[in-house]
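Participant: Below is the file target_28.cif, with mmCIF, C-alpha atoms and all ligand atoms.
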```cif
data_data
loop_
_atom_site.label_atom_id
_atom_site.label_comp_id
_atom_site.auth_asym_id
_atom_site.auth_seq_id
_atom_site.Cartn_x
_atom_site.Cartn_y
_atom_site.Cartn_z
CA MET A 1 129.70 195.48 122.44
CA ILE A 2 130.52 191.76 122.59
CA GLY A 3 127.31 191.04 120.73
CA VAL A 4 128.29 193.46 117.94
CA LEU A 5 131.72 191.82 117.62
CA LYS A 6 130.12 188.35 117.44
CA SER A 7 127.80 189.54 114.71
CA LEU A 8 130.64 191.10 112.75
CA THR A 9 132.66 187.91 113.09
CA ALA A 10 129.76 185.84 111.77
CA THR A 11 129.24 188.27 108.90
CA MET A 12 132.91 188.28 107.94
CA GLY A 13 133.08 184.51 108.21
CA THR A 14 130.18 184.17 105.78
CA PHE A 15 131.66 186.80 103.49
CA MET A 16 135.00 184.98 103.27
CA ARG A 17 133.51 181.50 102.92
CA LYS A 18 133.93 179.68 99.61
CA PRO A 19 130.62 179.76 97.67
CA VAL A 20 128.55 176.60 97.86
CA THR A 21 126.63 177.50 94.71
CA ILE A 22 127.78 177.24 91.08
CA GLN A 23 126.94 179.16 87.91
CA TYR A 24 124.63 176.68 86.22
CA PRO A 25 124.40 176.03 83.26
CA THR A 26 127.94 177.21 82.49
CA GLU A 27 129.25 175.14 85.42
CA HIS A 28 128.23 171.62 86.38
CA ARG A 29 128.71 169.55 89.46
CA LYS A 30 130.35 166.15 88.99
CA VAL A 31 127.74 163.50 88.26
CA PRO A 32 127.97 160.63 90.75
CA GLU A 33 129.51 157.51 89.28
CA ARG A 34 126.41 155.37 89.64
CA GLU A 35 123.91 158.03 88.66
CA ARG A 36 121.43 156.86 86.01
CA ALA A 37 120.16 159.14 83.31
CA PHE A 38 118.78 157.39 80.23
CA PRO A 39 119.91 154.26 78.38
CA ILE A 40 122.36 154.55 75.47
CA LEU A 41 123.94 151.95 73.18
CA LEU A 42 127.62 151.00 73.25
CA TRP A 43 130.02 150.84 70.31
CA ASP A 44 132.43 147.94 69.81
CA PHE A 45 135.65 149.64 68.70
CA ASN A 46 137.40 146.30 68.12
CA ILE A 47 135.09 145.44 65.23
CA ASP A 48 133.68 148.90 64.50
CA GLU A 49 130.05 148.02 64.95
CA PRO A 50 127.49 148.20 67.78
CA PHE A 51 127.49 145.52 70.47
CA CYS A 52 123.73 145.31 70.00
CA THR A 53 122.47 142.34 67.99
CA GLY A 54 118.85 143.47 68.02
CA CYS A 55 117.80 140.44 70.06
CA HIS A 56 114.68 142.18 71.45
CA ALA A 57 115.36 141.08 75.05
CA CYS A 58 115.36 144.66 76.33
CA GLU A 59 112.35 145.60 74.25
CA ARG A 60 110.36 142.70 75.71
CA ALA A 61 111.46 143.48 79.27
CA CYS A 62 110.84 147.23 79.19
CA PRO A 63 107.93 147.86 81.56
CA VAL A 64 106.70 150.96 79.74
CA GLU A 65 107.28 149.63 76.20
CA CYS A 66 109.25 152.66 75.11
CA MET A 67 111.76 150.73 72.97
CA THR A 68 111.52 149.62 69.33
CA VAL A 69 114.14 147.23 67.96
CA THR A 70 114.68 145.57 64.59
CA MET A 71 117.58 143.35 63.53
CA ARG A 72 119.20 142.38 60.23
CA ASP A 73 121.84 139.96 58.99
CA ASN A 74 125.31 141.23 59.83
CA PRO A 75 127.41 141.68 56.67
CA LEU A 76 130.61 141.63 58.77
CA PHE A 77 129.71 138.11 59.93
CA ALA A 78 129.48 136.98 56.32
CA GLU A 79 132.91 138.53 55.73
CA GLY A 80 134.30 136.68 58.76
CA LYS A 81 135.10 139.92 60.60
CA SER A 82 132.47 139.67 63.33
CA LYS A 83 131.05 136.84 65.39
CA ARG A 84 127.62 138.54 65.52
CA ARG A 85 125.36 136.80 63.02
CA LYS A 86 122.67 139.43 63.53
CA ILE A 87 123.16 143.12 64.12
CA ILE A 88 120.91 145.98 65.12
CA ASP A 89 119.11 147.63 62.23
CA GLU A 90 116.81 150.20 63.85
CA PHE A 91 116.62 151.15 67.51
CA TYR A 92 114.37 153.78 69.04
CA ILE A 93 113.92 154.74 72.69
CA ASP A 94 111.29 157.26 73.74
CA TYR A 95 112.96 159.12 76.60
CA GLY A 96 109.65 160.84 77.24
CA ARG A 97 108.25 157.53 78.49
CA CYS A 98 111.41 155.84 79.83
CA MET A 99 111.37 155.67 83.63
CA ARG A 100 115.11 154.97 83.93
CA CYS A 101 114.57 151.63 85.67
CA ASN A 102 117.79 150.03 84.30
CA ILE A 103 115.95 146.79 83.43
CA CYS A 104 117.06 146.96 79.78
CA VAL A 105 120.69 147.05 80.95
CA GLU A 106 120.15 144.14 83.30
CA VAL A 107 118.56 141.84 80.72
CA CYS A 108 120.97 142.52 77.84
CA ASN A 109 123.01 139.38 77.16
CA PHE A 110 125.51 141.26 75.01
CA ASP A 111 126.49 144.14 77.31
CA ALA A 112 125.28 146.42 74.55
CA ILE A 113 123.42 149.05 76.55
CA ALA A 114 124.29 151.21 79.55
CA MET A 115 122.78 154.10 81.45
CA ASN A 116 124.14 157.49 80.47
CA ASN A 117 125.95 159.08 83.38
CA THR A 118 126.79 162.48 81.94
CA TRP A 119 125.04 165.81 81.98
CA SER A 120 123.90 165.19 78.41
CA GLY A 121 121.50 162.63 79.84
CA HIS A 122 119.80 165.20 82.05
CA GLU A 123 119.62 168.34 79.95
CA LEU A 124 116.94 167.19 77.55
CA SER A 125 114.39 169.98 77.89
CA THR A 126 112.39 170.49 74.73
CA VAL A 127 109.04 171.90 73.66
CA ASP A 128 108.39 168.97 71.34
CA ARG A 129 108.06 165.49 72.85
CA LYS A 130 108.94 163.93 69.49
CA GLU A 131 112.51 165.16 69.99
CA LEU A 132 112.74 162.78 72.96
CA ILE A 133 112.50 159.77 70.63
CA LEU A 134 116.14 158.89 69.91
CA ASP A 135 117.19 156.77 66.94
CA LEU A 136 120.12 154.37 66.57
CA ASP A 137 122.69 157.02 65.60
CA GLN A 138 121.72 159.27 68.49
CA LEU A 139 121.80 156.37 70.95
CA LEU A 140 125.29 155.35 69.80
CA ASP A 141 126.68 158.86 69.54
CA LEU A 142 128.01 159.29 73.08
CA SER A 143 129.76 155.93 73.09
CA LYS A 144 131.20 156.43 69.58
CA ARG A 145 132.64 159.80 70.61
CA LYS A 146 134.17 158.10 73.68
CA ASP A 147 132.49 160.76 75.81
CA LEU A 148 130.75 158.22 77.97
CA GLN A 149 131.69 158.62 81.60
CA ALA A 150 128.96 156.31 82.72
CA TRP A 151 129.36 153.64 85.30
CA ASP A 152 129.32 150.72 82.93
CA PRO A 153 129.21 147.41 84.81
CA ALA A 154 129.48 145.60 81.48
CA ALA A 155 132.92 147.15 80.87
CA GLU A 156 134.29 145.14 83.78
CA THR A 157 132.93 141.93 82.27
CA ARG A 158 134.38 142.76 78.87
CA ALA A 159 137.76 143.60 80.40
CA SER A 160 137.81 140.31 82.32
CA THR A 161 137.18 138.31 79.15
CA GLU A 162 139.88 140.09 77.13
CA GLY A 163 142.76 137.82 76.27
CA ARG A 164 140.74 134.65 76.71
CA PRO A 165 141.05 132.21 73.82
CA GLN A 166 138.14 132.75 71.44
CA PRO A 167 136.87 130.35 68.77
CA PRO A 168 137.78 131.30 65.20
CA ILE A 169 135.20 133.80 63.97
CA ALA A 170 134.34 131.80 60.87
CA GLN A 171 133.36 128.80 62.99
CA VAL A 172 131.04 130.61 65.36
CA GLY A 173 127.50 129.61 64.56
CA ALA A 174 128.58 126.87 62.14
CA THR A 175 126.70 123.59 62.44
CA GLU A 176 129.73 121.62 63.58
CA ASP A 177 130.12 123.99 66.53
CA ALA A 178 126.66 123.21 67.86
CA PRO A 179 126.80 121.82 71.41
CA ALA A 180 126.35 118.10 71.82
CA ALA A 181 122.91 116.84 72.82
CA GLY A 182 122.32 117.46 76.50
CA GLU A 183 125.12 120.00 76.78
CA PRO A 184 123.78 123.22 78.31
CA LEU A 185 123.82 126.31 76.07
CA THR A 186 125.52 129.49 77.16
CA VAL A 187 123.42 132.63 77.48
CA ALA A 188 124.82 133.99 74.20
CA GLU A 189 124.15 130.70 72.42
CA ARG A 190 120.60 130.62 73.73
CA SER A 191 120.07 134.15 72.51
CA ALA A 192 121.54 133.40 69.09
CA GLU A 193 119.27 130.37 68.87
CA GLU A 194 116.27 132.58 69.67
CA GLN A 195 117.28 134.96 66.89
CA ASP A 196 117.22 132.15 64.36
CA SER A 197 113.95 130.60 65.50
CA PRO A 198 110.88 131.58 63.49
CA PRO A 199 108.44 133.82 65.39
CA THR A 200 105.70 131.98 67.24
CA PRO A 201 102.38 132.50 65.45
S1 LIG B 301 115.42 152.14 81.57
FE1 LIG B 301 113.53 150.94 81.92
S2 LIG B 301 111.89 152.19 81.06
FE2 LIG B 301 113.82 153.00 80.21
S3 LIG B 301 114.10 151.92 78.26
FE3 LIG B 301 115.20 150.72 79.83
S4 LIG B 301 113.69 149.17 80.52
FE4 LIG B 301 112.54 150.79 79.44
S1 LIG B 302 118.97 143.28 74.87
FE1 LIG B 302 120.97 144.18 74.29
S2 LIG B 302 121.55 143.17 72.36
FE2 LIG B 302 119.33 142.78 72.68
S3 LIG B 302 118.30 144.44 71.54
FE3 LIG B 302 118.55 145.17 73.66
S4 LIG B 302 120.51 146.31 73.70
FE4 LIG B 302 120.45 145.07 71.81
#
```
Please express the file's structure as structure tokens.
Facilitator:
Amino acid sequence: MIGVLKSLTATMGTFMRKPVTIQYPTEHRKVPERERAFPILLWDFNIDEPFCTGCHACERACPVECMTVTMRDNPLFAEGKSKRRKIIDEFYIDYGRCMRCNICVEVCNFDAIAMNNTWSGHELSTVDRKELILDLDQLLDLSKRKDLQAWDPAAETRASTEGRPQPPIAQVGATEDAPAAGEPLTVAERSAEEQDSPPTP
């Protein structure tokens, strides 16, 4: 008799317990803050252009060579609205080859790329691998819609530099602003210098 009561108690306890499962795909569990899906590009809302300058640093560092980057002259720089002399022109990432290593995020000098940390970065099933090659608009889409919930370490850096005195936009990159001989270049200056150097034959 005691055994029967114990069994009934266990059964009732299980019956009353809150379900541990969810109704996927209509319900989703919260994605952990530092989860990494695939890389996406970030939008600079202050200037209304991408942070990416097309410097190729991520493309060169990508171990599986799944990125393609081209740059162009930035028309907003010529208008004095942006301090980016160069801006991204075309950007492709083949998610079918990307191994989500985060190296592209680490090497970016402009905090222009972050790992997607939403469900949209995981639900990419398709029957055509070509659909896994994302172009510039698709890579910027999540950030432009402000739907990005990703852990974005670069955001902290950007927030900490907000309010700091900045050089007038028109003077950035002008010859008279070049550092004196022997003065070390900042990372951004080094990168800008690389952009302007002719490709090595
Ligand atoms: S996460 Fe790694 S593999 Fe994927 S694009 Fe970036 S560097 Fe390449
Ligand atoms: S390293 Fe950053 S700025 Fe350079 S091309 Fe890649 S995402 Fe753009």
Participant: For CA of Gln138 (chain A) and CA of Asn102 (chain A), determine how far apart the two atoms are, in Å to one decimal place.
Facilitator: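 CA of Asn102 (chain A) lies 18.7 Å from CA of Gln138 (chain A).
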Participant: Against ligand LIG 301 (chain B), which residues of chain A fall within 7 Å? For each one I want the closest pair of atoms and the distance in Å (one decimal), counting only C-alpha atoms and all ligand atoms, rows by chain and increasing residue number, as JSON lines.
Facilitator:
```
{"residue": "A:Phe38", "atom": "CA", "partner": "B:LIG301", "partner_atom": "S1", "distance": 6.4}
{"residue": "A:Pro39", "atom": "CA", "partner": "B:LIG301", "partner_atom": "S1", "distance": 5.9}
{"residue": "A:Cys58", "atom": "CA", "partner": "B:LIG301", "partner_atom": "S4", "distance": 6.4}
{"residue": "A:Ala61", "atom": "CA", "partner": "B:LIG301", "partner_atom": "S4", "distance": 6.2}
{"residue": "A:Cys62", "atom": "CA", "partner": "B:LIG301", "partner_atom": "S4", "distance": 3.7}
{"residue": "A:Pro63", "atom": "CA", "partner": "B:LIG301", "partner_atom": "FE4", "distance": 5.9}
{"residue": "A:Val64", "atom": "CA", "partner": "B:LIG301", "partner_atom": "S2", "distance": 5.5}
{"residue": "A:Glu65", "atom": "CA", "partner": "B:LIG301", "partner_atom": "FE4", "distance": 6.3}
{"residue": "A:Cys66", "atom": "CA", "partner": "B:LIG301", "partner_atom": "FE4", "distance": 5.8}
{"residue": "A:Met67", "atom": "CA", "partner": "B:LIG301", "partner_atom": "S3", "distance": 5.9}
{"residue": "A:Ile93", "atom": "CA", "partner": "B:LIG301", "partner_atom": "S3", "distance": 6.2}
{"residue": "A:Arg97", "atom": "CA", "partner": "B:LIG301", "partner_atom": "S2", "distance": 7.0}
{"residue": "A:Cys98", "atom": "CA", "partner": "B:LIG301", "partner_atom": "FE2", "distance": 3.7}
{"residue": "A:Met99", "atom": "CA", "partner": "B:LIG301", "partner_atom": "S2", "distance": 4.4}
{"residue": "A:Arg100", "atom": "CA", "partner": "B:LIG301", "partner_atom": "S1", "distance": 3.7}
{"residue": "A:Cys101", "atom": "CA", "partner": "B:LIG301", "partner_atom": "FE1", "distance": 4.0}
{"residue": "A:Asn102", "atom": "CA", "partner": "B:LIG301", "partner_atom": "S1", "distance": 4.2}
{"residue": "A:Ile103", "atom": "CA", "partner": "B:LIG301", "partner_atom": "S4", "distance": 4.4}
{"residue": "A:Cys104", "atom": "CA", "partner": "B:LIG301", "partner_atom": "S4", "distance": 4.1}
{"residue": "A:Val105", "atom": "CA", "partner": "B:LIG301", "partner_atom": "FE3", "distance": 6.7}
```
Participant: Write out as JSON, numbers by chain each polymer residue (protein, DNA or RNA) that has an atom no more than 12 Å from ligand LIG 302 (chain B), with all atoms listed in the file counted.
Facilitator: {"A": [39, 40, 41, 42, 43, 50, 51, 52, 53, 54, 55, 56, 57, 58, 59, 60, 61, 62, 67, 68, 69, 70, 71, 72, 84, 85, 86, 87, 88, 89, 90, 91, 92, 93, 102, 103, 104, 105, 106, 107, 108, 109, 110, 111, 112, 113, 114, 115, 136, 139, 140, 154, 187, 188, 191, 192, 194, 195]}
Participant: Can I get the selected residues back with C-alpha atoms, as a CSV table (one decimal), in the frame of the given file?
Facilitator:
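Done, and the output landed in again19.csv:
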```csv
chain,number,residue,atom,x,y,z
A,39,PRO,CA,119.9,154.3,78.4
A,40,ILE,CA,122.4,154.6,75.5
A,41,LEU,CA,123.9,152.0,73.2
A,42,LEU,CA,127.6,151.0,73.2
A,43,TRP,CA,130.0,150.8,70.3
A,50,PRO,CA,127.5,148.2,67.8
A,51,PHE,CA,127.5,145.5,70.5
A,52,CYS,CA,123.7,145.3,70.0
A,53,THR,CA,122.5,142.3,68.0
A,54,GLY,CA,118.8,143.5,68.0
A,55,CYS,CA,117.8,140.4,70.1
A,56,HIS,CA,114.7,142.2,71.4
A,57,ALA,CA,115.4,141.1,75.0
A,58,CYS,CA,115.4,144.7,76.3
A,59,GLU,CA,112.4,145.6,74.2
A,60,ARG,CA,110.4,142.7,75.7
A,61,ALA,CA,111.5,143.5,79.3
A,62,CYS,CA,110.8,147.2,79.2
A,67,MET,CA,111.8,150.7,73.0
A,68,THR,CA,111.5,149.6,69.3
A,69,VAL,CA,114.1,147.2,68.0
A,70,THR,CA,114.7,145.6,64.6
A,71,MET,CA,117.6,143.4,63.5
A,72,ARG,CA,119.2,142.4,60.2
A,84,ARG,CA,127.6,138.5,65.5
A,85,ARG,CA,125.4,136.8,63.0
A,86,LYS,CA,122.7,139.4,63.5
A,87,ILE,CA,123.2,143.1,64.1
A,88,ILE,CA,120.9,146.0,65.1
A,89,ASP,CA,119.1,147.6,62.2
A,90,GLU,CA,116.8,150.2,63.8
A,91,PHE,CA,116.6,151.2,67.5
A,92,TYR,CA,114.4,153.8,69.0
A,93,ILE,CA,113.9,154.7,72.7
A,102,ASN,CA,117.8,150.0,84.3
A,103,ILE,CA,116.0,146.8,83.4
A,104,CYS,CA,117.1,147.0,79.8
A,105,VAL,CA,120.7,147.0,81.0
A,106,GLU,CA,120.2,144.1,83.3
A,107,VAL,CA,118.6,141.8,80.7
A,108,CYS,CA,121.0,142.5,77.8
A,109,ASN,CA,123.0,139.4,77.2
A,110,PHE,CA,125.5,141.3,75.0
A,111,ASP,CA,126.5,144.1,77.3
A,112,ALA,CA,125.3,146.4,74.6
A,113,ILE,CA,123.4,149.0,76.6
A,114,ALA,CA,124.3,151.2,79.6
A,115,MET,CA,122.8,154.1,81.4
A,136,LEU,CA,120.1,154.4,66.6
A,139,LEU,CA,121.8,156.4,71.0
A,140,LEU,CA,125.3,155.4,69.8
A,154,ALA,CA,129.5,145.6,81.5
A,187,VAL,CA,123.4,132.6,77.5
A,188,ALA,CA,124.8,134.0,74.2
A,191,SER,CA,120.1,134.2,72.5
A,192,ALA,CA,121.5,133.4,69.1
A,194,GLU,CA,116.3,132.6,69.7
A,195,GLN,CA,117.3,135.0,66.9
```
Participant: Which residue gives the smallest distance to Phe45 (chain A) among A:Asn117, A:Pro75, A:Lys146, A:Glu33, with only C-alpha atoms counted?
Facilitator: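 Smallest separation from Phe45 (chain A) among the options: A:Lys146.
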Participant: For Pro32 (chain A), which residue out of A:Ser143, A:Thr118, A:Thr14, A:Ser82 is the nearest one, using only C-alpha atoms?
Facilitator: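 The shortest atom-to-atom distance to Pro32 (chain A) comes from A:Thr118.
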Participant: How many Å separate CA of Thr126 (chain A) from CA of Val31 (chain A)?
Facilitator: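 For CA of Thr126 (chain A) relative to CA of Val31 (chain A), the distance reads 21.6 Å.
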Participant: CA of Leu124 (chain A) and CA of Asp137 (chain A), how far apart in Å?
Facilitator: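 So the two atoms, CA of Asp137 (chain A) and CA of Leu124 (chain A), lie 16.7 Å apart.
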Participant: Please provide the set of residues having any atom within 10 Å of Lys130 (chain A), restricted to all atoms listed in the file, with same-chain residues fewer than 5 positions apart removed, written as a list in words.
Facilitator: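 Everything that qualifies: Asp94, Tyr95 and Gly96 of chain A.
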Participant: Restrict the selected residues to C-alpha atoms and save them as a short mmCIF file (atom, residue, chain, number, x, y, z; two decimals), keeping the file's coordinate frame.
Facilitator:
```cif
data_model
loop_
_atom_site.label_atom_id
_atom_site.label_comp_id
_atom_site.auth_asym_id
_atom_site.auth_seq_id
_atom_site.Cartn_x
_atom_site.Cartn_y
_atom_site.Cartn_z
CA ASP A 94 111.29 157.26 73.74
CA TYR A 95 112.96 159.12 76.60
CA GLY A 96 109.65 160.84 77.24
#
```
